[in-house]
Amino acid sequence: MGFLRLCLMATSAAKTVATFRTVQVSIMIKKTLDILQTKYGLQLDQIFFEDVRIGIYKTAVHISGNRYGVAGTYQARPGDYKYRTNRDSTPFSTNHILGQSVAQLFQTPSSPIVDNLKVATLNALSADILQHADYQVVTDKDPIDLVDLSGQKTISIIGAFRSYIQRIGATAHTMHIVELRPEAIPPAYRSHYVPAHQVGDVLPQSDLVIITGSTLVNQSLADIVRYLPQSGTTVLVGPSSSFIPDVLFEQGIDIIGATEIIHPKKMLQIVSEAGTGFHFFRYCARKICILNERTR
C-alpha cells in the first residue's frame, strides 16, 4: 500500500498544515510515552537497542527485556538531498543505532529512519502491556469483522488496502479510496479514487473510515483525525498501530487493528527479506483488535 501525505493546493497552506501535522503527531507520541513511564513504570534510559531491521516495507526492533516491535517503513524521497547528505549526522543513523537507549531515540529530531524507529519502538514497549493491562483485546479477528456492514453505507479507505478494497468493492456500499498514488489502487477499483487533498470532503460523510497505521510513520494522521465523522466508526489498522491505545482513542479511533508478534526471531528474518503484512500473518504474527470503551 502507498503512504498517505495530504496534499494541499496552496504552497503557503501546505507549509502551515505540514507544521501542524508534525507537531501533533509528535504530541501523540510524547503523550503515549508519558503513559508508558508514569502508569507502567518503564524507564526508557535503561532500555537499549539490541537489534534493528529496516526492510523495504517494514521496520523492526529488538530492545531490552526481550521486547520486539514492528512498523511500516517510510523512506526518504529520492530527491531529498538534505536527508541524503546528513544521513550519518545523528546517533540513529547507519552503524550507530545498536546500543543506544530508547530515551535517546525519542530525543532525536525527525528523519525517515528515526520516525520508523519511534513507532516500531512504541510497539515494542507496549507489546507485553497490551496482553496484561485492562484493554479490551480481541484475538485472531480482523477489525472489519467487528463492524456492522449491513444496509447501505459510505465507506472511506485511507491507503490502498487491497483486501479491504476487494471486500467492500464486492458490496453495494459507496466506497472512497483516499490515496496519494492512484497507481497503487487495483485497476478495477480506480473509479473510487479520491485525491488526498480532498480527504476533508469525504470523511465527515462516511459511516466507516479505515485508516492505514502508516499514517503514524509518515506524520499524516493528525490531519486525518480532524475530519473524522461525528457518528460512525473509525478503524486504524496495520502493524504500525500496535501500541497502547489511550491517545489514539482520544483522537476518535474506535477500533485498532494491531499485530501481536508470536515468533519474534522469525519476524526479524521476515522484515529483512522484504516481508509485508501478508507474510507476518502467515509466519510470525496474529491479528488482534483493541476496542475503544465506546464500542463495547
# chains A, B, ... in the order shown; residues from 1 in each chain; ligands from 1
>>> select_by_dssp(residues="segment 32-184 of chain A", states="strand (DSSP E)", output="compact mmCIF listing (two decimals) with N, CA and C atoms, in the first residue's frame")
# COMPACT_ATOMS: atom_id res chain seq x y z
N PHE A 49 18.73 -0.68 22.39
CA PHE A 49 18.50 -1.39 21.13
C PHE A 49 19.49 -2.54 21.00
N GLU A 50 18.95 -3.75 20.82
CA GLU A 50 19.77 -4.94 20.64
C GLU A 50 19.82 -5.41 19.20
N ASP A 51 18.78 -5.11 18.44
CA ASP A 51 18.76 -5.45 17.01
C ASP A 51 17.78 -4.52 16.31
N VAL A 52 18.09 -4.18 15.08
CA VAL A 52 17.23 -3.32 14.27
C VAL A 52 17.25 -3.86 12.84
N ARG A 53 16.08 -3.95 12.23
CA ARG A 53 15.97 -4.34 10.82
C ARG A 53 15.09 -3.30 10.12
N ILE A 54 15.63 -2.65 9.12
CA ILE A 54 14.86 -1.67 8.35
C ILE A 54 14.73 -2.21 6.94
N LYS A 58 8.86 -2.93 6.04
CA LYS A 58 8.66 -2.89 7.48
C LYS A 58 9.98 -2.57 8.19
N THR A 59 9.83 -1.99 9.38
CA THR A 59 10.96 -1.73 10.27
C THR A 59 10.71 -2.48 11.57
N ALA A 60 11.71 -3.20 12.07
CA ALA A 60 11.56 -3.99 13.29
C ALA A 60 12.66 -3.65 14.27
N VAL A 61 12.33 -3.75 15.57
CA VAL A 61 13.31 -3.52 16.62
C VAL A 61 13.24 -4.63 17.64
N HIS A 62 14.40 -4.91 18.24
CA HIS A 62 14.51 -5.78 19.42
C HIS A 62 15.20 -4.94 20.47
N ILE A 63 14.50 -4.69 21.59
CA ILE A 63 15.06 -3.86 22.65
C ILE A 63 15.12 -4.66 23.95
N ARG A 67 11.85 -7.46 24.21
CA ARG A 67 10.71 -6.77 23.61
C ARG A 67 10.96 -6.60 22.12
N TYR A 68 9.91 -6.83 21.34
CA TYR A 68 10.01 -6.71 19.88
C TYR A 68 8.85 -5.86 19.37
N GLY A 69 9.13 -5.06 18.34
CA GLY A 69 8.09 -4.25 17.73
C GLY A 69 8.35 -4.05 16.25
N VAL A 70 7.29 -3.71 15.54
CA VAL A 70 7.40 -3.54 14.09
C VAL A 70 6.52 -2.38 13.65
N ALA A 71 6.88 -1.75 12.55
CA ALA A 71 6.10 -0.65 11.98
C ALA A 71 6.34 -0.63 10.48
N GLY A 72 5.52 0.13 9.78
CA GLY A 72 5.76 0.33 8.36
C GLY A 72 7.03 1.15 8.14
N GLN A 136 -9.59 -3.89 26.18
CA GLN A 136 -10.40 -4.95 25.58
C GLN A 136 -9.73 -5.36 24.27
N VAL A 137 -9.15 -6.55 24.27
CA VAL A 137 -8.41 -7.06 23.12
C VAL A 137 -9.10 -8.31 22.60
N VAL A 138 -9.38 -8.32 21.32
CA VAL A 138 -9.97 -9.47 20.65
C VAL A 138 -8.91 -10.08 19.74
N THR A 139 -8.64 -11.36 19.90
CA THR A 139 -7.57 -12.00 19.14
C THR A 139 -8.12 -12.71 17.91
N THR A 154 -21.57 4.46 3.46
CA THR A 154 -20.47 5.14 2.78
C THR A 154 -19.19 4.80 3.55
N ILE A 155 -18.23 4.22 2.85
CA ILE A 155 -17.00 3.73 3.49
C ILE A 155 -15.80 4.39 2.81
N SER A 156 -14.96 5.01 3.62
CA SER A 156 -13.75 5.65 3.11
C SER A 156 -12.54 4.87 3.60
N ILE A 157 -11.67 4.52 2.67
CA ILE A 157 -10.46 3.77 2.97
C ILE A 157 -9.26 4.67 2.68
N ILE A 158 -8.42 4.90 3.68
CA ILE A 158 -7.24 5.74 3.50
C ILE A 158 -6.03 4.82 3.41
N THR A 174 -21.13 2.49 -0.88
CA THR A 174 -20.38 3.54 -1.57
C THR A 174 -18.96 3.56 -1.00
N MET A 175 -17.97 3.44 -1.86
CA MET A 175 -16.58 3.34 -1.40
C MET A 175 -15.74 4.48 -1.96
N HIS A 176 -14.98 5.13 -1.07
CA HIS A 176 -13.98 6.11 -1.46
C HIS A 176 -12.61 5.57 -1.08
N ILE A 177 -11.64 5.70 -1.95
CA ILE A 177 -10.27 5.28 -1.66
C ILE A 177 -9.38 6.51 -1.72
N VAL A 178 -8.92 6.97 -0.57
CA VAL A 178 -8.05 8.14 -0.49
C VAL A 178 -6.61 7.66 -0.52
>>> select_by_dssp(residues="segment 83-280 of chain A", states="helix (DSSP H, G or I)", output="MDAnalysis selection string")
chainID A and resid 83:85 102:105 112:132 143:146 162:169 182:184 187:192 196:205 214:217 221:225 239:241 246:250 264:272 277:280
>>> write_last_selection(atoms="C-alpha atoms", output="PDB file, in the first residue's frame")
ATOM      1  CA  TYR A  83      18.419  13.754   4.183  1.00  0.00           C
ATOM      2  CA  ARG A  84      20.933  12.049   1.927  1.00  0.00           C
ATOM      3  CA  THR A  85      23.769  14.405   2.845  1.00  0.00           C
ATOM      4  CA  VAL A 102      15.248   4.242  23.835  1.00  0.00           C
ATOM      5  CA  ALA A 103      15.227   7.541  25.721  1.00  0.00           C
ATOM      6  CA  GLN A 104      17.864   8.899  23.327  1.00  0.00           C
ATOM      7  CA  LEU A 105      15.755   7.873  20.323  1.00  0.00           C
ATOM      8  CA  PRO A 112      12.863   8.862   7.947  1.00  0.00           C
ATOM      9  CA  ILE A 113      14.928   6.348   9.942  1.00  0.00           C
ATOM     10  CA  VAL A 114      14.114   7.959  13.285  1.00  0.00           C
ATOM     11  CA  ASP A 115      10.373   8.166  12.579  1.00  0.00           C
ATOM     12  CA  ASN A 116      10.290   4.488  11.572  1.00  0.00           C
ATOM     13  CA  LEU A 117      12.161   3.512  14.722  1.00  0.00           C
ATOM     14  CA  LYS A 118       9.994   5.600  17.039  1.00  0.00           C
ATOM     15  CA  VAL A 119       6.767   3.886  16.008  1.00  0.00           C
ATOM     16  CA  ALA A 120       8.309   0.389  15.991  1.00  0.00           C
ATOM     17  CA  THR A 121       9.769   1.078  19.447  1.00  0.00           C
ATOM     18  CA  LEU A 122       6.426   2.277  20.837  1.00  0.00           C
ATOM     19  CA  ASN A 123       5.015  -1.039  19.675  1.00  0.00           C
ATOM     20  CA  ALA A 124       7.817  -2.981  21.338  1.00  0.00           C
ATOM     21  CA  LEU A 125       7.335  -1.102  24.616  1.00  0.00           C
ATOM     22  CA  SER A 126       3.593  -1.762  24.500  1.00  0.00           C
ATOM     23  CA  ALA A 127       3.523  -5.433  23.483  1.00  0.00           C
ATOM     24  CA  ASP A 128       3.534  -7.009  26.956  1.00  0.00           C
ATOM     25  CA  ILE A 129       1.274  -4.305  28.396  1.00  0.00           C
ATOM     26  CA  LEU A 130      -1.409  -4.950  25.790  1.00  0.00           C
ATOM     27  CA  GLN A 131      -1.552  -8.579  26.868  1.00  0.00           C
ATOM     28  CA  HIS A 132      -1.922  -7.891  30.596  1.00  0.00           C
ATOM     29  CA  PRO A 143     -11.312  -5.287  12.578  1.00  0.00           C
ATOM     30  CA  ILE A 144     -13.689  -5.274   9.640  1.00  0.00           C
ATOM     31  CA  ASP A 145     -15.245  -8.446  11.080  1.00  0.00           C
ATOM     32  CA  LEU A 146     -16.287  -6.403  14.131  1.00  0.00           C
ATOM     33  CA  ARG A 162      -6.151  -4.363  -1.405  1.00  0.00           C
ATOM     34  CA  SER A 163      -8.062  -6.876   0.755  1.00  0.00           C
ATOM     35  CA  TYR A 164     -10.471  -4.257   2.128  1.00  0.00           C
ATOM     36  CA  ILE A 165     -10.954  -2.668  -1.282  1.00  0.00           C
ATOM     37  CA  GLN A 166     -11.855  -6.014  -2.818  1.00  0.00           C
ATOM     38  CA  ARG A 167     -14.167  -6.995   0.024  1.00  0.00           C
ATOM     39  CA  ILE A 168     -16.051  -3.687   0.137  1.00  0.00           C
ATOM     40  CA  GLY A 169     -15.969  -3.306  -3.635  1.00  0.00           C
ATOM     41  CA  PRO A 182      -3.653   6.151  -7.671  1.00  0.00           C
ATOM     42  CA  GLU A 183      -1.499   3.540  -9.390  1.00  0.00           C
ATOM     43  CA  ALA A 184      -1.337   1.681  -6.056  1.00  0.00           C
ATOM     44  CA  PRO A 187      -7.178  -1.060 -11.706  1.00  0.00           C
ATOM     45  CA  ALA A 188     -10.696  -2.424 -11.310  1.00  0.00           C
ATOM     46  CA  TYR A 189     -11.323  -0.033  -8.390  1.00  0.00           C
ATOM     47  CA  ARG A 190      -9.657   3.185  -9.542  1.00  0.00           C
ATOM     48  CA  SER A 191     -13.035   4.783 -10.221  1.00  0.00           C
ATOM     49  CA  HIS A 192     -13.333   5.044  -6.411  1.00  0.00           C
ATOM     50  CA  ALA A 196      -5.513  13.055  -0.843  1.00  0.00           C
ATOM     51  CA  HIS A 197      -6.215  16.785  -0.710  1.00  0.00           C
ATOM     52  CA  GLN A 198      -9.971  16.034  -0.848  1.00  0.00           C
ATOM     53  CA  VAL A 199      -9.949  13.930   2.330  1.00  0.00           C
ATOM     54  CA  GLY A 200     -11.949  16.630   4.124  1.00  0.00           C
ATOM     55  CA  ASP A 201     -14.730  16.285   1.564  1.00  0.00           C
ATOM     56  CA  VAL A 202     -15.393  12.578   2.074  1.00  0.00           C
ATOM     57  CA  LEU A 203     -14.535  11.647   5.668  1.00  0.00           C
ATOM     58  CA  PRO A 204     -17.202  13.681   7.528  1.00  0.00           C
ATOM     59  CA  GLN A 205     -19.959  11.992   5.492  1.00  0.00           C
ATOM     60  CA  SER A 214       1.398   4.013   8.285  1.00  0.00           C
ATOM     61  CA  THR A 215      -0.086   7.485   8.723  1.00  0.00           C
ATOM     62  CA  LEU A 216       1.650   7.436  12.112  1.00  0.00           C
ATOM     63  CA  VAL A 217       5.027   6.966  10.451  1.00  0.00           C
ATOM     64  CA  LEU A 221      -2.659  11.017  10.983  1.00  0.00           C
ATOM     65  CA  ALA A 222      -3.172  14.317  12.805  1.00  0.00           C
ATOM     66  CA  ASP A 223      -4.591  15.897   9.645  1.00  0.00           C
ATOM     67  CA  ILE A 224      -6.916  12.963   9.062  1.00  0.00           C
ATOM     68  CA  VAL A 225      -8.482  12.867  12.532  1.00  0.00           C
ATOM     69  CA  PRO A 239       1.426  -3.168  12.429  1.00  0.00           C
ATOM     70  CA  SER A 240       2.364   0.481  12.985  1.00  0.00           C
ATOM     71  CA  SER A 241      -0.657   0.989  15.253  1.00  0.00           C
ATOM     72  CA  ASP A 246      -5.077   5.655  25.089  1.00  0.00           C
ATOM     73  CA  VAL A 247      -4.042   8.603  22.911  1.00  0.00           C
ATOM     74  CA  LEU A 248      -5.446   7.119  19.715  1.00  0.00           C
ATOM     75  CA  PHE A 249      -8.800   6.609  21.414  1.00  0.00           C
ATOM     76  CA  GLU A 250      -8.739  10.275  22.458  1.00  0.00           C
ATOM     77  CA  PRO A 264       9.934 -12.679  17.145  1.00  0.00           C
ATOM     78  CA  LYS A 265      13.095 -14.178  15.667  1.00  0.00           C
ATOM     79  CA  LYS A 266      11.180 -15.206  12.579  1.00  0.00           C
ATOM     80  CA  MET A 267       9.695 -11.695  12.436  1.00  0.00           C
ATOM     81  CA  LEU A 268      13.175 -10.184  12.208  1.00  0.00           C
ATOM     82  CA  GLN A 269      14.002 -12.522   9.345  1.00  0.00           C
ATOM     83  CA  ILE A 270      10.755 -11.716   7.537  1.00  0.00           C
ATOM     84  CA  VAL A 271      11.407  -7.964   7.764  1.00  0.00           C
ATOM     85  CA  SER A 272      14.946  -8.453   6.444  1.00  0.00           C
ATOM     86  CA  GLY A 277       1.737  -7.843   6.444  1.00  0.00           C
ATOM     87  CA  PHE A 278       0.712 -10.932   4.475  1.00  0.00           C
ATOM     88  CA  HIS A 279       3.983 -12.638   5.380  1.00  0.00           C
ATOM     89  CA  PHE A 280       3.655 -11.589   9.032  1.00  0.00           C
TER      90      PHE A 280
END
>>> closest_residue(among="A:Ile244, A:Ile255, A:Ala160, A:Ala172", to="Pro186 of chain A", atoms="only C-alpha atoms")
A:Ala160
